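Next comes start-v3.cif, a file with mmCIF, C-alpha atoms.
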data_target
#
loop_
_atom_site.label_atom_id
_atom_site.label_comp_id
_atom_site.auth_asym_id
_atom_site.auth_seq_id
_atom_site.Cartn_x
_atom_site.Cartn_y
_atom_site.Cartn_z
CA MET K 41 -39.84 -40.08 22.20
CA LYS K 42 -39.20 -39.05 25.81
CA PHE K 43 -40.52 -35.95 27.51
CA PRO K 44 -40.30 -34.49 31.02
CA THR K 45 -43.79 -35.66 31.75
CA LYS K 46 -46.39 -36.87 34.09
CA GLN K 47 -47.09 -40.55 33.46
CA ALA K 48 -50.39 -42.32 33.63
CA ALA K 49 -50.45 -46.03 34.26
CA ALA K 50 -52.82 -48.92 33.95
CA VAL K 51 -52.86 -51.66 36.53
CA CYS K 52 -53.70 -55.29 35.89
CA LEU K 53 -54.29 -57.15 39.14
CA LEU K 54 -53.46 -60.81 39.55
CA ALA K 55 -54.97 -62.48 42.61
CA ALA K 56 -56.75 -65.63 43.64
CA SER K 57 -60.12 -64.01 44.29
CA ALA K 58 -62.03 -60.81 43.61
CA ALA K 59 -61.88 -59.74 47.27
CA PRO K 60 -58.79 -61.19 48.94
CA ALA K 61 -59.23 -61.67 52.69
CA PHE K 62 -56.82 -62.73 55.43
CA ALA K 63 -57.24 -62.49 59.20
CA GLY K 64 -60.31 -60.30 58.81
CA ILE K 65 -58.97 -58.02 56.05
CA THR K 66 -61.20 -57.59 53.00
CA ILE K 67 -59.86 -55.82 49.91
CA ALA K 68 -62.87 -54.69 47.88
CA SER K 69 -61.01 -52.65 45.27
CA PRO K 70 -59.07 -53.08 43.08
CA VAL K 71 -60.61 -56.41 42.10
CA ASN K 72 -58.96 -59.42 40.56
CA SER K 73 -57.70 -58.91 36.99
CA GLU K 74 -59.08 -55.37 36.80
CA THR K 75 -57.31 -52.81 34.61
CA VAL K 76 -57.42 -49.30 36.06
CA SER K 77 -55.64 -45.98 35.69
CA SER K 78 -53.02 -44.77 38.10
CA PRO K 79 -53.70 -43.40 40.63
CA PHE K 80 -56.22 -46.13 41.47
CA THR K 81 -58.55 -46.39 44.46
CA LEU K 82 -57.71 -48.85 47.22
CA SER K 83 -60.75 -49.81 49.31
CA ALA K 84 -60.29 -52.22 52.21
CA ASP K 85 -61.59 -52.84 55.71
CA ALA K 86 -60.94 -55.09 58.69
CA SER K 87 -63.35 -55.73 61.56
CA LYS K 88 -60.92 -57.75 63.68
CA CYS K 89 -57.24 -58.68 63.77
CA SER K 90 -56.50 -61.78 65.87
CA SER K 91 -59.75 -61.14 67.79
CA GLN K 92 -58.66 -57.58 68.56
CA SER K 93 -60.56 -54.51 67.39
CA VAL K 94 -58.72 -52.72 64.56
CA THR K 95 -57.45 -49.24 65.37
CA SER K 96 -55.53 -48.42 62.18
CA MET K 97 -54.89 -49.67 58.67
CA GLY K 98 -52.11 -49.06 56.18
CA TYR K 99 -50.71 -50.07 52.83
CA SER K 100 -47.40 -50.20 51.01
CA LEU K 101 -45.91 -51.23 47.69
CA ASP K 102 -43.21 -53.89 47.58
CA GLY K 103 -42.63 -54.02 51.31
CA SER K 104 -41.78 -50.35 51.67
CA ALA K 105 -40.31 -49.47 55.06
CA ASN K 106 -42.59 -46.44 55.20
CA PRO K 107 -46.20 -47.65 54.77
CA ILE K 108 -49.05 -45.16 54.58
CA THR K 109 -51.20 -45.53 57.71
CA VAL K 110 -54.60 -44.10 58.63
CA GLU K 111 -56.64 -44.39 61.81
CA GLY K 112 -59.74 -46.53 61.87
CA ASN K 113 -60.67 -49.91 60.45
CA SER K 114 -61.04 -49.01 56.75
CA LEU K 115 -59.06 -47.65 53.81
CA ASP K 116 -60.38 -45.58 50.93
CA VAL K 117 -57.32 -43.97 49.39
CA SER K 118 -55.80 -43.11 46.03
CA VAL K 119 -52.61 -45.02 45.18
CA ALA K 120 -50.11 -44.14 42.47
CA ALA K 121 -47.83 -46.87 41.14
CA PRO K 122 -45.01 -46.88 38.58
CA ALA K 123 -44.80 -49.34 35.71
CA GLY K 124 -43.75 -52.91 36.48
CA PRO K 125 -44.70 -55.76 38.82
CA HIS K 126 -45.50 -54.91 42.44
CA THR K 127 -46.97 -56.34 45.61
CA LEU K 128 -49.71 -54.23 47.16
CA ARG K 129 -49.73 -54.94 50.90
CA VAL K 130 -52.60 -54.02 53.23
CA VAL K 131 -51.96 -54.07 56.99
CA ALA K 132 -54.45 -53.94 59.89
CA SER K 133 -53.28 -53.16 63.44
CA GLY K 134 -55.15 -54.43 66.51
CA ALA K 135 -55.80 -52.47 69.68
CA LYS K 136 -53.44 -54.71 71.67
CA GLY K 137 -50.60 -54.84 69.17
CA ALA K 138 -51.67 -57.60 66.74
CA THR K 139 -50.73 -57.16 63.07
CA CYS K 140 -52.59 -58.73 60.13
CA VAL K 141 -51.46 -58.57 56.51
CA SER K 142 -53.08 -59.25 53.12
CA ASN K 143 -51.17 -59.00 49.83
CA VAL K 144 -52.28 -58.49 46.23
CA ALA K 145 -49.91 -58.99 43.28
CA ILE K 146 -50.20 -56.29 40.63
CA ILE K 147 -48.59 -55.47 37.31
CA VAL K 148 -48.46 -51.82 36.29
CA LEU K 149 -48.35 -51.33 32.53
CA ALA K 150 -47.03 -48.04 31.12
CA ILE K 151 -49.29 -45.95 28.89
CA PRO K 152 -48.62 -42.68 27.03
CA ASN K 153 -46.44 -40.00 28.49
CA ILE K 154 -48.26 -36.67 28.23
CA PRO K 155 -46.53 -33.36 29.06
CA LEU K 156 -47.91 -31.28 31.89
CA ASP K 157 -48.60 -28.39 29.51
CA ALA K 158 -50.40 -30.49 26.88
CA ILE K 159 -53.73 -29.15 25.65
CA SER K 160 -56.61 -31.59 26.06
CA VAL K 161 -60.14 -31.63 24.73
CA SER K 162 -62.27 -34.17 26.55
CA SER K 163 -65.73 -35.74 26.20
CA LEU K 164 -65.55 -35.39 22.43
CA GLN K 165 -68.27 -38.03 22.09
CA THR K 166 -70.79 -35.53 23.52
CA LEU K 167 -70.23 -32.86 20.84
CA GLY K 168 -73.34 -31.95 18.92
CA ASN K 169 -71.67 -31.74 15.50
CA TRP K 170 -71.00 -35.42 14.80
CA GLN K 171 -71.83 -36.49 11.24
CA ALA K 172 -71.91 -39.82 9.42
CA ALA K 173 -70.87 -40.77 5.88
CA ASP K 174 -70.57 -43.96 3.85
CA ASP K 175 -66.88 -44.73 3.25
CA ALA K 176 -66.53 -44.52 -0.52
CA GLY K 177 -63.30 -46.51 -0.35
CA ALA K 178 -65.01 -49.60 1.06
CA THR K 179 -66.25 -52.41 -1.19
CA GLY K 180 -69.91 -52.19 -0.18
CA THR K 181 -72.27 -49.66 1.29
CA ALA K 182 -73.18 -48.60 4.81
CA HIS K 183 -75.57 -46.39 6.70
CA GLY K 184 -75.20 -45.27 10.29
CA THR K 185 -77.08 -43.48 13.05
CA MET K 186 -75.84 -41.96 16.30
CA SER K 187 -77.32 -41.12 19.69
CA LEU K 188 -76.05 -40.24 23.16
CA VAL K 189 -76.92 -42.83 25.81
CA THR K 190 -76.31 -43.25 29.52
CA SER K 191 -76.27 -47.05 29.40
CA PRO K 192 -73.92 -48.60 28.69
CA SER K 193 -71.53 -45.85 29.65
CA TYR K 194 -68.01 -45.69 31.01
CA GLY K 195 -68.01 -42.10 32.20
CA GLY K 196 -71.66 -41.04 32.18
CA GLU K 197 -72.64 -40.46 28.54
CA ALA K 198 -71.53 -42.56 25.58
CA LEU K 199 -72.08 -42.10 21.85
CA GLU K 200 -73.86 -45.06 20.27
CA PHE K 201 -73.08 -45.96 16.65
CA VAL K 202 -75.55 -48.25 14.88
CA THR K 203 -74.13 -49.30 11.51
CA ARG K 204 -75.94 -51.27 8.79
CA PHE K 205 -73.86 -52.51 5.90
CA THR K 206 -73.75 -54.59 2.73
CA ASN K 207 -70.72 -56.34 1.22
CA GLY K 208 -68.26 -55.21 3.87
CA GLY K 209 -69.24 -51.55 3.72
CA GLY K 210 -68.00 -49.06 6.30
CA GLU K 211 -69.54 -46.01 7.95
CA ARG K 212 -67.32 -43.09 8.96
CA TYR K 213 -68.42 -40.92 11.87
CA PHE K 214 -66.62 -37.62 12.40
CA ALA K 215 -66.65 -34.38 14.40
CA VAL K 216 -64.67 -31.13 14.36
CA PHE K 217 -63.28 -30.18 17.77
CA GLY K 218 -61.10 -27.13 17.06
CA ASP K 219 -58.19 -25.90 14.97
CA ASP K 220 -54.48 -25.74 15.71
CA THR K 221 -51.98 -25.63 12.84
CA THR K 222 -48.82 -25.58 14.94
CA VAL K 223 -48.87 -28.51 17.38
CA SER K 224 -47.19 -31.71 16.22
CA ASN K 225 -47.74 -34.37 18.93
CA PHE K 226 -51.02 -36.12 19.76
CA VAL K 227 -52.55 -38.84 21.91
CA TRP K 228 -56.01 -40.16 20.95
CA ASP K 229 -57.59 -41.66 24.09
CA GLY K 230 -61.02 -43.30 24.16
CA TRP K 231 -63.10 -46.20 25.51
CA VAL K 232 -64.85 -48.59 23.10
CA TYR K 233 -67.66 -51.08 23.86
CA LEU K 234 -68.90 -53.83 21.54
CA THR K 235 -72.24 -55.61 21.83
CA LYS K 236 -70.86 -58.36 19.58
CA SER K 237 -67.55 -59.06 17.90
CA THR K 238 -69.00 -60.84 14.87
CA GLY K 239 -69.98 -58.84 11.79
CA ILE K 240 -67.25 -56.23 12.40
CA ALA K 241 -64.17 -56.30 10.18
CA ASN K 242 -62.31 -53.19 11.31
CA ILE K 243 -62.55 -50.40 13.85
CA GLU K 244 -60.79 -47.26 12.68
CA MET K 245 -59.78 -44.35 14.93
CA ASP K 246 -58.36 -41.33 13.08
CA MET K 247 -57.53 -37.67 13.46
CA ASN K 248 -57.01 -34.93 10.86
CA GLN K 249 -55.05 -31.70 11.21
CA VAL K 250 -54.54 -28.84 8.78
CA MET K 251 -50.98 -27.49 8.99
CA ASP K 252 -49.66 -23.96 8.46
CA ASN K 253 -49.02 -24.73 4.76
CA GLY K 254 -52.69 -25.60 4.24
CA GLN K 255 -52.14 -29.31 3.76
CA THR K 256 -54.12 -31.84 5.81
CA VAL K 257 -52.32 -34.50 7.81
CA ILE K 258 -54.23 -37.76 8.24
CA TYR K 259 -53.35 -39.71 11.37
CA GLY K 260 -55.03 -43.04 10.66
CA VAL K 261 -54.96 -46.18 12.81
CA GLN K 262 -57.24 -49.22 12.69
CA CYS K 263 -57.60 -52.64 14.24
CA ASP K 264 -57.76 -54.79 11.09
CA GLY K 265 -59.75 -58.00 11.35
CA TYR K 266 -58.63 -59.18 7.93
CA SER K 267 -54.87 -58.97 8.48
CA ARG K 268 -55.29 -59.24 12.26
CA THR K 269 -52.86 -56.38 12.78
CA TRP K 270 -52.78 -52.76 13.84
CA ASP K 271 -52.63 -50.75 10.61
CA TYR K 272 -51.52 -47.18 9.99
CA ALA K 273 -52.30 -44.83 7.11
CA THR K 274 -49.92 -43.31 4.59
CA ASN K 275 -49.99 -41.23 1.40
CA ALA K 276 -48.20 -43.36 -1.19
CA GLY K 277 -48.52 -40.57 -3.76
CA THR K 278 -47.95 -36.84 -3.38
CA PRO K 279 -50.02 -34.25 -1.51
CA GLU K 280 -51.43 -33.00 -4.83
CA ASN K 281 -51.95 -36.51 -6.26
CA PRO K 282 -52.56 -38.60 -3.14
CA VAL K 283 -52.80 -42.37 -2.91
CA ASP K 284 -54.08 -43.24 0.54
CA GLU K 285 -53.09 -46.70 1.72
CA TRP K 286 -53.08 -48.84 4.83
CA ILE K 287 -49.85 -50.46 5.99
CA HIS K 288 -50.03 -53.58 8.14
CA SER K 289 -47.75 -53.36 11.16
CA ALA K 290 -46.21 -56.33 12.95
CA ALA K 291 -48.40 -55.61 16.00
CA PRO K 292 -51.37 -58.02 16.34
CA CYS K 293 -54.97 -56.83 16.62
CA ASN K 294 -58.24 -58.54 15.74
CA VAL K 295 -61.63 -57.04 16.60
CA ALA K 296 -63.08 -60.56 16.78
CA ASN K 297 -60.91 -61.15 19.85
CA TRP K 298 -62.18 -58.11 21.76
CA ALA K 299 -64.39 -59.15 24.66
CA ILE K 300 -68.01 -58.10 24.20
CA ARG K 301 -70.02 -56.05 26.68
CA LYS K 302 -66.84 -54.69 28.20
CA TRP K 303 -65.19 -51.29 27.94
CA HIS K 304 -61.85 -51.37 26.09
CA HIS K 305 -59.32 -48.58 26.55
CA VAL K 306 -57.64 -47.51 23.29
CA GLN K 307 -54.79 -44.99 23.26
CA ILE K 308 -52.76 -44.00 20.22
CA ALA K 309 -49.65 -41.79 20.16
CA TYR K 310 -48.27 -40.16 17.02
CA ALA K 311 -46.39 -37.07 15.89
CA ARG K 312 -45.57 -35.23 12.65
CA ASP K 313 -42.84 -33.08 11.19
CA ALA K 314 -43.24 -29.81 9.27
CA SER K 315 -43.68 -31.67 5.96
CA GLY K 316 -46.51 -33.87 7.20
CA ASN K 317 -44.51 -37.06 7.71
CA VAL K 318 -46.23 -38.91 10.55
CA THR K 319 -44.44 -41.07 13.10
CA TYR K 320 -46.83 -43.64 14.49
CA GLN K 321 -45.33 -44.39 17.89
CA SER K 322 -47.47 -46.83 19.88
CA VAL K 323 -50.97 -48.15 20.46
CA TRP K 324 -52.30 -49.33 23.82
CA LEU K 325 -55.29 -51.66 24.12
CA ASP K 326 -56.41 -52.14 27.73
CA GLY K 327 -52.96 -51.15 28.93
CA VAL K 328 -51.06 -53.52 26.62
CA GLN K 329 -48.57 -51.57 24.52
CA SER K 330 -47.89 -52.32 20.85
CA ASN K 331 -45.01 -50.37 19.33
CA LEU K 332 -45.49 -49.26 15.73
CA ASN K 333 -42.33 -47.11 15.35
CA ALA K 334 -43.03 -46.19 11.73
CA THR K 335 -42.59 -42.86 9.92
CA VAL K 336 -44.51 -42.36 6.66
CA PRO K 337 -45.71 -39.43 4.52
CA SER K 338 -49.33 -38.58 5.29
CA SER K 339 -50.12 -35.05 4.07
CA PHE K 340 -52.88 -34.31 1.56
CA ALA K 341 -53.66 -31.12 -0.40
CA LEU K 342 -57.39 -31.15 0.29
CA GLY K 343 -57.99 -27.39 0.39
CA TRP K 344 -59.45 -27.49 3.89
CA ALA K 345 -59.63 -24.52 6.23
CA PRO K 346 -57.70 -24.92 9.52
CA VAL K 347 -59.33 -27.71 11.50
CA LEU K 348 -58.84 -30.52 14.00
CA LEU K 349 -61.18 -33.43 13.31
CA THR K 350 -61.61 -36.91 14.74
CA ASN K 351 -63.00 -39.95 12.92
CA PHE K 352 -64.44 -43.21 14.21
CA GLN K 353 -65.24 -45.80 11.56
CA VAL K 354 -66.91 -49.21 11.76
CA ASP K 355 -66.48 -51.61 8.80
CA GLY K 356 -68.85 -54.51 8.34
CA LEU K 357 -67.82 -58.12 7.77
CA GLY K 358 -69.85 -60.27 5.38
CA SER K 359 -72.55 -59.78 2.77
CA SER K 360 -74.84 -57.78 5.06
CA GLY K 361 -75.56 -57.10 8.69
CA SER K 362 -75.45 -54.52 11.46
CA SER K 363 -73.42 -53.64 14.52
CA THR K 364 -73.77 -51.45 17.59
CA VAL K 365 -70.62 -49.90 19.02
CA TYR K 366 -70.20 -47.32 21.80
CA LEU K 367 -67.52 -44.65 22.32
CA ASP K 368 -67.03 -42.89 25.64
CA ASP K 369 -64.59 -40.55 27.42
CA LEU K 370 -62.88 -39.59 24.16
CA THR K 371 -60.02 -37.16 24.79
CA VAL K 372 -57.38 -35.82 22.39
CA TYR K 373 -54.17 -34.44 23.88
CA ARG K 374 -51.90 -32.21 21.83
CA TRP K 375 -48.66 -30.32 22.31
#
Take the structure in this file and express it as structure tokens.
Amino acid sequence: MKFPTKQAAAVCLLAASAAPAFAGITIASPVNSETVSSPFTLSADASKCSSQSVTSMGYSLDGSANPITVEGNSLDVSVAAPAGPHTLRVVASGAKGATCVSNVAIIVLAIPNIPLDAISVSSLQTLGNWQAADDAGATGTAHGTMSLVTSPSYGGEALEFVTRFTNGGGERYFAVFGDDTTVSNFVWDGWVYLTKSTGIANIEMDMNQVMDNGQTVIYGVQCDGYSRTWDYATNAGTPENPVDEWIHSAAPCNVANWAIRKWHHVQIAYARDASGNVTYQSVWLDGVQSNLNATVPSSFALGWAPVLLTNFQVDGLGSSGSSTVYLDDLTVYRW
């Protein structure tokens, strides 16, 4: 779906070293292979250019004829970049006319389009009403605890989930963050950190919404370590006699492949119609887009009062064990 929107972007930088330097120019940020949001911060400095003192510095994308220039021998600026491959060029100018250049190759990967008038609720991980429950649909049992921590943290305060399980059990963590029966488009946007990738079968990131007709729509997405795919939820029955099922998409995902002790950016876009049919649009993991493009029924007659609710579930892998997972900067956009 296309909207007249602002667009965020993630940038993956490809360079030979973490701080490229040429003729006295040092680019400190962005660093090699880093994935950041657009606009990103460009930090660079140059003490000399061809033995001349540096009087100004500038930058451009793709050899633009109109580079941005500032006085002095350092840059600390915010740079916006559209999706696609680019060359980020940093230029230092000497007091007697010398010019020094250092280039960094970047690839800008598109992430969800969000309208300017979208409603957002941020820092959901800091809400005080989070609860935990053993997933009755899992094969085994689980028990989980939660606490807010400052380390590790992506944005200042993360929610720590410690899950103990037997026989592949799963623990569902959930929090209510409002009610809105009319909106029909959503983006779930959060950062996830694993201390280990073993012992975790699935990570599930859901949202529930009660519509005007009183039925509850379940927007369910998980990274499935068994099928090694992104899965999405559907109601294979009727709202009154529901049969909740997971459908494996063609998009690959395996929690065991997620790097440990690193923050992973997960973004999920979906929408619904008035009957509760959900269109799962795309999932982004660290800026890499996987298109789902599937529409399925997903409304349930649960008798809930109007509510917006988010779920975060961790399923164990094996006969028994434990895992520690962190969630930070969780925002839900709706319009």
Tell me which residues the PyMOL selection byres ((chain K and resi 214) around 9) grabs here, as a short mmCIF file (atom, residue, chain, number, x, y, z; two decimals) with C-alpha atoms, in the coordinates of the input.
data_model
loop_
_atom_site.label_atom_id
_atom_site.label_comp_id
_atom_site.auth_asym_id
_atom_site.auth_seq_id
_atom_site.Cartn_x
_atom_site.Cartn_y
_atom_site.Cartn_z
CA ASN K 169 -71.67 -31.74 15.50
CA TRP K 170 -71.00 -35.42 14.80
CA GLN K 171 -71.83 -36.49 11.24
CA ALA K 172 -71.91 -39.82 9.42
CA ALA K 173 -70.87 -40.77 5.88
CA ARG K 212 -67.32 -43.09 8.96
CA TYR K 213 -68.42 -40.92 11.87
CA ALA K 215 -66.65 -34.38 14.40
CA VAL K 216 -64.67 -31.13 14.36
CA LEU K 349 -61.18 -33.43 13.31
CA THR K 350 -61.61 -36.91 14.74
CA ASN K 351 -63.00 -39.95 12.92
CA PHE K 352 -64.44 -43.21 14.21
CA GLN K 353 -65.24 -45.80 11.56
#
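Compared by their closest atoms to K:Ala176, and using all atoms listed in the file, the residues K:Leu156, K:Gly209, K:Val250, K:Ala135 rank with K:Gly209 nearest.
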Apply the PyMOL selection byres ((chain K and resi 306-320) around 6) to the structure shown and report the selected residues as a CSV table (one decimal) with C-alpha atoms, keeping the file's coordinate frame.
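What ended up in expr.csv:
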chain,number,residue,atom,x,y,z
K,224,SER,CA,-47.2,-31.7,16.2
K,225,ASN,CA,-47.7,-34.4,18.9
K,226,PHE,CA,-51.0,-36.1,19.8
K,227,VAL,CA,-52.6,-38.8,21.9
K,228,TRP,CA,-56.0,-40.2,21.0
K,229,ASP,CA,-57.6,-41.7,24.1
K,230,GLY,CA,-61.0,-43.3,24.2
K,257,VAL,CA,-52.3,-34.5,7.8
K,305,HIS,CA,-59.3,-48.6,26.6
K,321,GLN,CA,-45.3,-44.4,17.9
K,322,SER,CA,-47.5,-46.8,19.9
K,323,VAL,CA,-51.0,-48.2,20.5
K,324,TRP,CA,-52.3,-49.3,23.8
K,325,LEU,CA,-55.3,-51.7,24.1
K,332,LEU,CA,-45.5,-49.3,15.7
K,333,ASN,CA,-42.3,-47.1,15.4
K,334,ALA,CA,-43.0,-46.2,11.7
K,335,THR,CA,-42.6,-42.9,9.9
K,336,VAL,CA,-44.5,-42.4,6.7
K,337,PRO,CA,-45.7,-39.4,4.5
K,338,SER,CA,-49.3,-38.6,5.3
K,339,SER,CA,-50.1,-35.0,4.1
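Relative to atom CA of K:Tyr233, atom CA of K:Leu188 is found at 13.7 Å.
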From K:Phe217, K:Trp231, K:Tyr99, K:Trp344, residue lying nearest K:His304 [all atoms listed in the file]: K:Trp231
